[in-house]
>>> print(open('entry_6.cif').read())   # mmCIF, N, CA and C atoms
data_upload
#
loop_
_atom_site.label_atom_id
_atom_site.label_comp_id
_atom_site.auth_asym_id
_atom_site.auth_seq_id
_atom_site.Cartn_x
_atom_site.Cartn_y
_atom_site.Cartn_z
N MET Q 10 27.70 10.26 -15.33
CA MET Q 10 26.71 11.26 -14.99
C MET Q 10 27.43 12.52 -14.55
N THR Q 11 27.00 13.64 -15.06
CA THR Q 11 27.66 14.89 -14.74
C THR Q 11 27.27 15.37 -13.34
N THR Q 12 28.03 16.31 -12.85
CA THR Q 12 27.76 16.88 -11.53
C THR Q 12 26.42 17.58 -11.51
N LYS Q 13 26.08 18.25 -12.60
CA LYS Q 13 24.80 18.95 -12.67
C LYS Q 13 23.64 17.97 -12.58
N ASN Q 14 23.74 16.85 -13.27
CA ASN Q 14 22.68 15.84 -13.22
C ASN Q 14 22.56 15.23 -11.83
N LYS Q 15 23.69 14.98 -11.20
CA LYS Q 15 23.66 14.44 -9.83
C LYS Q 15 23.00 15.43 -8.87
N SER Q 16 23.31 16.70 -9.07
CA SER Q 16 22.72 17.73 -8.21
C SER Q 16 21.21 17.80 -8.40
N ILE Q 17 20.76 17.72 -9.64
CA ILE Q 17 19.32 17.77 -9.92
C ILE Q 17 18.62 16.55 -9.34
N VAL Q 18 19.21 15.37 -9.52
CA VAL Q 18 18.61 14.15 -8.97
C VAL Q 18 18.54 14.25 -7.44
N ALA Q 19 19.58 14.75 -6.82
CA ALA Q 19 19.59 14.90 -5.37
C ALA Q 19 18.49 15.84 -4.90
N LEU Q 20 18.33 16.95 -5.59
CA LEU Q 20 17.33 17.94 -5.21
C LEU Q 20 15.91 17.39 -5.39
N VAL Q 21 15.65 16.76 -6.52
CA VAL Q 21 14.31 16.22 -6.78
C VAL Q 21 13.98 15.11 -5.79
N CYS Q 22 14.90 14.18 -5.58
CA CYS Q 22 14.63 13.07 -4.65
C CYS Q 22 14.48 13.58 -3.22
N GLY Q 23 15.27 14.56 -2.85
CA GLY Q 23 15.14 15.13 -1.50
C GLY Q 23 13.81 15.81 -1.29
N ILE Q 24 13.35 16.57 -2.28
CA ILE Q 24 12.05 17.25 -2.17
C ILE Q 24 10.92 16.23 -2.11
N LEU Q 25 10.99 15.20 -2.96
CA LEU Q 25 9.97 14.16 -2.91
C LEU Q 25 9.98 13.44 -1.56
N GLY Q 26 11.14 13.26 -0.97
CA GLY Q 26 11.23 12.65 0.35
C GLY Q 26 10.59 13.50 1.43
N ILE Q 27 10.77 14.82 1.33
CA ILE Q 27 10.15 15.72 2.32
C ILE Q 27 8.63 15.70 2.18
N VAL Q 28 8.14 15.82 0.96
CA VAL Q 28 6.70 15.88 0.73
C VAL Q 28 6.05 14.54 1.05
N GLY Q 29 6.63 13.46 0.59
CA GLY Q 29 6.03 12.14 0.77
C GLY Q 29 6.14 11.58 2.18
N GLY Q 30 7.01 12.17 2.99
CA GLY Q 30 7.18 11.68 4.35
C GLY Q 30 5.96 11.88 5.23
N TRP Q 31 5.01 12.69 4.79
CA TRP Q 31 3.82 13.00 5.58
C TRP Q 31 2.63 12.10 5.26
N PHE Q 32 2.74 11.27 4.24
CA PHE Q 32 1.61 10.43 3.84
C PHE Q 32 1.88 8.98 4.26
N PRO Q 33 0.90 8.34 4.89
CA PRO Q 33 1.13 7.04 5.54
C PRO Q 33 1.75 5.95 4.67
N ILE Q 34 1.21 5.64 3.53
CA ILE Q 34 1.75 4.54 2.73
C ILE Q 34 2.90 5.01 1.85
N VAL Q 35 2.81 6.23 1.37
CA VAL Q 35 3.81 6.78 0.46
C VAL Q 35 5.16 6.95 1.16
N CYS Q 36 5.14 7.13 2.49
CA CYS Q 36 6.39 7.41 3.21
C CYS Q 36 7.39 6.26 3.11
N TYR Q 37 6.90 5.03 2.89
CA TYR Q 37 7.84 3.92 2.74
C TYR Q 37 8.69 4.10 1.50
N PHE Q 38 8.08 4.53 0.40
CA PHE Q 38 8.80 4.68 -0.86
C PHE Q 38 9.62 5.97 -0.90
N THR Q 39 9.07 7.03 -0.35
CA THR Q 39 9.79 8.30 -0.42
C THR Q 39 10.96 8.34 0.56
N THR Q 40 10.95 7.50 1.58
CA THR Q 40 12.13 7.40 2.44
C THR Q 40 13.31 6.89 1.64
N VAL Q 41 13.06 5.92 0.78
CA VAL Q 41 14.12 5.41 -0.09
C VAL Q 41 14.59 6.50 -1.06
N LEU Q 42 13.64 7.27 -1.60
CA LEU Q 42 14.02 8.36 -2.49
C LEU Q 42 14.86 9.41 -1.77
N ALA Q 43 14.50 9.70 -0.53
CA ALA Q 43 15.27 10.69 0.24
C ALA Q 43 16.69 10.20 0.49
N ILE Q 44 16.85 8.92 0.74
CA ILE Q 44 18.19 8.36 0.93
C ILE Q 44 18.98 8.44 -0.37
N VAL Q 45 18.31 8.18 -1.50
CA VAL Q 45 18.96 8.32 -2.81
C VAL Q 45 19.39 9.78 -3.03
N GLY Q 46 18.54 10.72 -2.66
CA GLY Q 46 18.88 12.13 -2.76
C GLY Q 46 20.08 12.49 -1.90
N LEU Q 47 20.13 11.92 -0.72
CA LEU Q 47 21.26 12.15 0.19
C LEU Q 47 22.56 11.64 -0.44
N VAL Q 48 22.50 10.46 -1.01
CA VAL Q 48 23.70 9.87 -1.63
C VAL Q 48 24.15 10.68 -2.85
N PHE Q 49 23.19 11.04 -3.71
CA PHE Q 49 23.56 11.81 -4.90
C PHE Q 49 24.04 13.21 -4.54
N GLY Q 50 23.50 13.81 -3.49
CA GLY Q 50 23.98 15.10 -3.04
C GLY Q 50 25.42 15.03 -2.57
N ALA Q 51 25.74 13.97 -1.83
CA ALA Q 51 27.12 13.79 -1.37
C ALA Q 51 28.06 13.52 -2.54
N MET Q 52 27.60 12.73 -3.51
CA MET Q 52 28.43 12.45 -4.68
C MET Q 52 28.67 13.71 -5.50
N ALA Q 53 27.64 14.54 -5.63
CA ALA Q 53 27.79 15.79 -6.40
C ALA Q 53 28.76 16.74 -5.70
N LEU Q 54 28.68 16.82 -4.38
CA LEU Q 54 29.62 17.69 -3.65
C LEU Q 54 31.05 17.16 -3.72
N LYS Q 55 31.19 15.86 -3.80
CA LYS Q 55 32.52 15.26 -3.88
C LYS Q 55 33.20 15.59 -5.22
N ASP Q 56 32.39 15.80 -6.27
CA ASP Q 56 32.93 16.09 -7.61
C ASP Q 56 33.36 17.55 -7.79
N LYS Q 57 33.36 18.33 -6.72
CA LYS Q 57 33.75 19.75 -6.76
C LYS Q 57 32.94 20.53 -7.80
N PRO Q 58 31.66 20.75 -7.51
CA PRO Q 58 30.80 21.47 -8.47
C PRO Q 58 31.15 22.94 -8.56
N GLN Q 59 30.73 23.57 -9.65
CA GLN Q 59 30.99 24.98 -9.89
C GLN Q 59 29.67 25.75 -9.94
N GLY Q 60 29.63 26.94 -9.38
CA GLY Q 60 28.49 27.85 -9.51
C GLY Q 60 27.18 27.30 -8.97
N ASN Q 61 26.16 27.26 -9.85
CA ASN Q 61 24.83 26.82 -9.45
C ASN Q 61 24.80 25.35 -9.07
N GLU Q 62 25.70 24.57 -9.63
CA GLU Q 62 25.74 23.14 -9.32
C GLU Q 62 25.99 22.92 -7.84
N LYS Q 63 26.86 23.75 -7.25
CA LYS Q 63 27.17 23.59 -5.84
C LYS Q 63 25.95 23.90 -4.98
N GLY Q 64 25.21 24.95 -5.34
CA GLY Q 64 24.00 25.29 -4.60
C GLY Q 64 22.95 24.19 -4.66
N MET Q 65 22.77 23.62 -5.87
CA MET Q 65 21.80 22.53 -6.02
C MET Q 65 22.27 21.29 -5.27
N ALA Q 66 23.58 21.03 -5.26
CA ALA Q 66 24.09 19.86 -4.56
C ALA Q 66 23.89 20.00 -3.05
N VAL Q 67 24.17 21.18 -2.52
CA VAL Q 67 23.97 21.41 -1.08
C VAL Q 67 22.49 21.33 -0.74
N ALA Q 68 21.64 21.94 -1.57
CA ALA Q 68 20.20 21.89 -1.34
C ALA Q 68 19.69 20.45 -1.43
N GLY Q 69 20.19 19.69 -2.37
CA GLY Q 69 19.81 18.29 -2.49
C GLY Q 69 20.24 17.47 -1.29
N LEU Q 70 21.45 17.75 -0.80
CA LEU Q 70 21.94 17.05 0.39
C LEU Q 70 21.09 17.38 1.61
N VAL Q 71 20.79 18.65 1.79
CA VAL Q 71 19.97 19.07 2.94
C VAL Q 71 18.56 18.51 2.83
N CYS Q 72 17.97 18.59 1.64
CA CYS Q 72 16.62 18.04 1.44
C CYS Q 72 16.62 16.52 1.64
N GLY Q 73 17.68 15.86 1.23
CA GLY Q 73 17.80 14.42 1.46
C GLY Q 73 17.85 14.08 2.93
N ILE Q 74 18.59 14.87 3.70
CA ILE Q 74 18.68 14.63 5.14
C ILE Q 74 17.31 14.86 5.80
N VAL Q 75 16.69 15.99 5.47
CA VAL Q 75 15.38 16.31 6.06
C VAL Q 75 14.33 15.29 5.61
N GLY Q 76 14.35 14.91 4.34
CA GLY Q 76 13.41 13.91 3.84
C GLY Q 76 13.59 12.56 4.48
N THR Q 77 14.84 12.18 4.74
CA THR Q 77 15.10 10.91 5.42
C THR Q 77 14.54 10.94 6.85
N VAL Q 78 14.75 12.04 7.54
CA VAL Q 78 14.22 12.17 8.90
C VAL Q 78 12.70 12.12 8.89
N PHE Q 79 12.08 12.89 7.99
CA PHE Q 79 10.61 12.89 7.88
C PHE Q 79 10.10 11.50 7.52
N GLY Q 80 10.79 10.81 6.62
CA GLY Q 80 10.38 9.47 6.22
C GLY Q 80 10.43 8.49 7.38
N PHE Q 81 11.52 8.54 8.15
CA PHE Q 81 11.62 7.63 9.30
C PHE Q 81 10.57 7.95 10.35
N ILE Q 82 10.28 9.23 10.55
CA ILE Q 82 9.22 9.60 11.49
C ILE Q 82 7.87 9.11 10.97
N GLY Q 83 7.63 9.24 9.67
CA GLY Q 83 6.39 8.74 9.07
C GLY Q 83 6.24 7.24 9.22
N VAL Q 84 7.31 6.50 8.97
CA VAL Q 84 7.28 5.04 9.12
C VAL Q 84 7.03 4.68 10.58
N LEU Q 85 7.69 5.36 11.49
CA LEU Q 85 7.50 5.10 12.92
C LEU Q 85 6.06 5.38 13.34
N CYS Q 86 5.49 6.47 12.86
CA CYS Q 86 4.09 6.79 13.19
C CYS Q 86 3.14 5.74 12.62
N ALA Q 87 3.40 5.27 11.41
CA ALA Q 87 2.54 4.25 10.80
C ALA Q 87 2.61 2.94 11.59
N VAL Q 88 3.79 2.56 12.02
CA VAL Q 88 3.93 1.34 12.81
C VAL Q 88 3.23 1.49 14.16
N CYS Q 89 3.41 2.63 14.81
CA CYS Q 89 2.73 2.86 16.09
C CYS Q 89 1.21 2.87 15.94
N ALA Q 90 0.72 3.44 14.84
CA ALA Q 90 -0.73 3.46 14.60
C ALA Q 90 -1.25 2.04 14.39
N CYS Q 91 -0.51 1.21 13.69
CA CYS Q 91 -0.95 -0.18 13.49
C CYS Q 91 -0.97 -0.96 14.81
N VAL Q 92 0.03 -0.74 15.63
CA VAL Q 92 0.07 -1.42 16.93
C VAL Q 92 -1.08 -0.96 17.81
N ALA Q 93 -1.33 0.35 17.84
CA ALA Q 93 -2.43 0.88 18.65
C ALA Q 93 -3.77 0.39 18.13
N LEU Q 94 -3.93 0.35 16.81
CA LEU Q 94 -5.17 -0.13 16.22
C LEU Q 94 -5.40 -1.61 16.55
N GLY Q 95 -4.33 -2.38 16.54
CA GLY Q 95 -4.45 -3.79 16.91
C GLY Q 95 -4.86 -3.97 18.37
N ALA Q 96 -4.31 -3.15 19.24
CA ALA Q 96 -4.67 -3.23 20.66
C ALA Q 96 -6.12 -2.81 20.89
N VAL Q 97 -6.54 -1.74 20.24
CA VAL Q 97 -7.91 -1.27 20.39
C VAL Q 97 -8.89 -2.27 19.79
N GLY Q 98 -8.52 -2.84 18.65
CA GLY Q 98 -9.39 -3.83 18.00
C GLY Q 98 -9.62 -5.04 18.87
N GLY Q 99 -8.57 -5.51 19.53
CA GLY Q 99 -8.71 -6.66 20.44
C GLY Q 99 -9.59 -6.33 21.62
N GLU Q 100 -9.43 -5.14 22.19
CA GLU Q 100 -10.27 -4.73 23.32
C GLU Q 100 -11.72 -4.56 22.89
N LEU Q 101 -11.95 -4.02 21.72
CA LEU Q 101 -13.31 -3.85 21.21
C LEU Q 101 -13.98 -5.20 20.99
N GLN Q 102 -13.25 -6.14 20.45
CA GLN Q 102 -13.82 -7.47 20.24
C GLN Q 102 -14.16 -8.12 21.57
N ASN Q 103 -13.31 -7.99 22.56
CA ASN Q 103 -13.60 -8.56 23.89
C ASN Q 103 -14.83 -7.91 24.50
N ALA Q 104 -14.96 -6.59 24.36
CA ALA Q 104 -16.12 -5.89 24.91
C ALA Q 104 -17.40 -6.32 24.22
N LEU Q 105 -17.36 -6.49 22.90
CA LEU Q 105 -18.55 -6.94 22.17
C LEU Q 105 -18.92 -8.37 22.55
N ASN Q 106 -17.96 -9.23 22.73
CA ASN Q 106 -18.24 -10.60 23.15
C ASN Q 106 -18.87 -10.64 24.53
N GLU Q 107 -18.35 -9.83 25.45
CA GLU Q 107 -18.93 -9.78 26.79
C GLU Q 107 -20.37 -9.28 26.75
N TYR Q 108 -20.63 -8.26 25.96
CA TYR Q 108 -21.99 -7.72 25.84
C TYR Q 108 -22.92 -8.75 25.22
N ALA Q 109 -22.45 -9.43 24.15
CA ALA Q 109 -23.27 -10.44 23.49
C ALA Q 109 -23.58 -11.59 24.45
N ASN Q 110 -22.62 -11.99 25.25
CA ASN Q 110 -22.86 -13.06 26.22
C ASN Q 110 -23.83 -12.61 27.30
N SER Q 111 -23.78 -11.35 27.67
CA SER Q 111 -24.68 -10.86 28.73
C SER Q 111 -26.13 -10.80 28.25
N ILE Q 112 -26.38 -10.64 26.97
CA ILE Q 112 -27.76 -10.61 26.47
C ILE Q 112 -28.17 -11.96 25.88
N GLY Q 113 -27.30 -12.95 26.00
CA GLY Q 113 -27.64 -14.31 25.58
C GLY Q 113 -27.32 -14.65 24.15
N MET Q 114 -26.50 -13.86 23.47
CA MET Q 114 -26.09 -14.17 22.10
C MET Q 114 -24.69 -14.77 22.13
N PHE Q 115 -24.38 -15.53 21.10
CA PHE Q 115 -23.03 -16.08 20.99
C PHE Q 115 -22.40 -15.57 19.72
N ILE Q 116 -21.22 -14.94 19.85
CA ILE Q 116 -20.47 -14.44 18.70
C ILE Q 116 -19.13 -15.16 18.69
N ALA Q 117 -18.76 -15.69 17.55
CA ALA Q 117 -17.51 -16.46 17.44
C ALA Q 117 -16.30 -15.61 17.57
#
>>> encode(input="entry_6.cif", output="structure tokens")
Amino acid sequence: MTTKNKSIVALVCGILGIVGGWFPIVCYFTTVLAIVGLVFGAMALKDKPQGNEKGMAVAGLVCGIVGTVFGFIGVLCAVCACVALGAVGGELQNALNEYANSIGMFIA
């Protein structure tokens, strides 16, 4: 694979990582893409690119880093939301059971 192709792959994967890091389910997949962009950006810079290739490689590396950070933040937010939803759901079920028992109904 040429340096130009590595630079393009790094840039595209990094941009997809940045954009996808904001969407709850998509962030799991785009975090992987951002890491791929980070790796390809580093590989392209290692090959001593010339001219525009160097700019794309640096941009791909930076976008990969930012996309990875956004992806990890997105995954962390999704996990925290699931934990909070589980806690609220348990409390809501307990409150409904108490209310049902107070009016003489039984809910399993």
>>> atom_distance(input="entry_6.cif", atom1="atom CA of Q:Val67", atom2="atom CA of Q:Lys13")
11.9 Å
>>> atom_distance(input="entry_6.cif", atom1="atom CA of Q:Pro33", atom2="atom CA of Q:Leu105")
29.3 Å
>>> resolve_selection(input="entry_6.cif", expression="the PyMOL selection byres ((chain Q and resi 16-30) around 5)", output="mmCIF file with N, CA and C atoms, in the coordinates of the input")
data_model
loop_
_atom_site.group_PDB
_atom_site.id
_atom_site.type_symbol
_atom_site.label_atom_id
_atom_site.label_comp_id
_atom_site.auth_asym_id
_atom_site.auth_seq_id
_atom_site.Cartn_x
_atom_site.Cartn_y
_atom_site.Cartn_z
ATOM 1 N N THR Q 12 28.030 16.310 -12.850
ATOM 2 C CA THR Q 12 27.760 16.880 -11.530
ATOM 3 C C THR Q 12 26.420 17.580 -11.510
ATOM 4 N N LYS Q 13 26.080 18.250 -12.600
ATOM 5 C CA LYS Q 13 24.800 18.950 -12.670
ATOM 6 C C LYS Q 13 23.640 17.970 -12.580
ATOM 7 N N ASN Q 14 23.740 16.850 -13.270
ATOM 8 C CA ASN Q 14 22.680 15.840 -13.220
ATOM 9 C C ASN Q 14 22.560 15.230 -11.830
ATOM 10 N N LYS Q 15 23.690 14.980 -11.200
ATOM 11 C CA LYS Q 15 23.660 14.440 -9.830
ATOM 12 C C LYS Q 15 23.000 15.430 -8.870
ATOM 13 N N TRP Q 31 5.010 12.690 4.790
ATOM 14 C CA TRP Q 31 3.820 13.000 5.580
ATOM 15 C C TRP Q 31 2.630 12.100 5.260
ATOM 16 N N PHE Q 32 2.740 11.270 4.240
ATOM 17 C CA PHE Q 32 1.610 10.430 3.840
ATOM 18 C C PHE Q 32 1.880 8.980 4.260
ATOM 19 N N VAL Q 35 2.810 6.230 1.370
ATOM 20 C CA VAL Q 35 3.810 6.780 0.460
ATOM 21 C C VAL Q 35 5.160 6.950 1.160
ATOM 22 N N CYS Q 36 5.140 7.130 2.490
ATOM 23 C CA CYS Q 36 6.390 7.410 3.210
ATOM 24 C C CYS Q 36 7.390 6.260 3.110
ATOM 25 N N THR Q 39 9.070 7.030 -0.350
ATOM 26 C CA THR Q 39 9.790 8.300 -0.420
ATOM 27 C C THR Q 39 10.960 8.340 0.560
ATOM 28 N N LEU Q 42 13.640 7.270 -1.600
ATOM 29 C CA LEU Q 42 14.020 8.360 -2.490
ATOM 30 C C LEU Q 42 14.860 9.410 -1.770
ATOM 31 N N ALA Q 43 14.500 9.700 -0.530
ATOM 32 C CA ALA Q 43 15.270 10.690 0.240
ATOM 33 C C ALA Q 43 16.690 10.200 0.490
ATOM 34 N N GLY Q 46 18.540 10.720 -2.660
ATOM 35 C CA GLY Q 46 18.880 12.130 -2.760
ATOM 36 C C GLY Q 46 20.080 12.490 -1.900
ATOM 37 N N PHE Q 49 23.190 11.040 -3.710
ATOM 38 C CA PHE Q 49 23.560 11.810 -4.900
ATOM 39 C C PHE Q 49 24.040 13.210 -4.540
ATOM 40 N N GLY Q 50 23.500 13.810 -3.490
ATOM 41 C CA GLY Q 50 23.980 15.100 -3.040
ATOM 42 C C GLY Q 50 25.420 15.030 -2.570
ATOM 43 N N MET Q 65 22.770 23.620 -5.870
ATOM 44 C CA MET Q 65 21.800 22.530 -6.020
ATOM 45 C C MET Q 65 22.270 21.290 -5.270
ATOM 46 N N ALA Q 66 23.580 21.030 -5.260
ATOM 47 C CA ALA Q 66 24.090 19.860 -4.560
ATOM 48 C C ALA Q 66 23.890 20.000 -3.050
ATOM 49 N N GLY Q 69 20.190 19.690 -2.370
ATOM 50 C CA GLY Q 69 19.810 18.290 -2.490
ATOM 51 C C GLY Q 69 20.240 17.470 -1.290
ATOM 52 N N CYS Q 72 17.970 18.590 1.640
ATOM 53 C CA CYS Q 72 16.620 18.040 1.440
ATOM 54 C C CYS Q 72 16.620 16.520 1.640
ATOM 55 N N GLY Q 73 17.680 15.860 1.230
ATOM 56 C CA GLY Q 73 17.800 14.420 1.460
ATOM 57 C C GLY Q 73 17.850 14.080 2.930
ATOM 58 N N GLY Q 76 14.350 14.910 4.340
ATOM 59 C CA GLY Q 76 13.410 13.910 3.840
ATOM 60 C C GLY Q 76 13.590 12.560 4.480
ATOM 61 N N PHE Q 79 12.080 12.890 7.990
ATOM 62 C CA PHE Q 79 10.610 12.890 7.880
ATOM 63 C C PHE Q 79 10.100 11.500 7.520
ATOM 64 N N GLY Q 80 10.790 10.810 6.620
ATOM 65 C CA GLY Q 80 10.380 9.470 6.220
ATOM 66 C C GLY Q 80 10.430 8.490 7.380
ATOM 67 N N GLY Q 83 7.630 9.240 9.670
ATOM 68 C CA GLY Q 83 6.390 8.740 9.070
ATOM 69 C C GLY Q 83 6.240 7.240 9.220
#
>>> atom_distance(input="entry_6.cif", atom1="atom C of Q:Asn106", atom2="atom CA of Q:Val92")
22.4 Å
>>> closest_residue(input="entry_6.cif", among="Q:Val88, Q:Ala53, Q:Phe38, Q:Ile74", to="Q:Thr11", atoms="only N, CA and C atoms")
Q:Ala53
>>> select_by_dssp(input="entry_6.cif", residues="chain Q", states="helix (DSSP H, G or I)", output="VMD selection string")
chain Q and resid 12 to 29 35 to 55 61 to 111
>>> closest_residue(input="entry_6.cif", among="Q:Val75, Q:Leu85, Q:Gly113, Q:Leu94", to="Q:Leu47", atoms="only C-alpha atoms")
Q:Val75
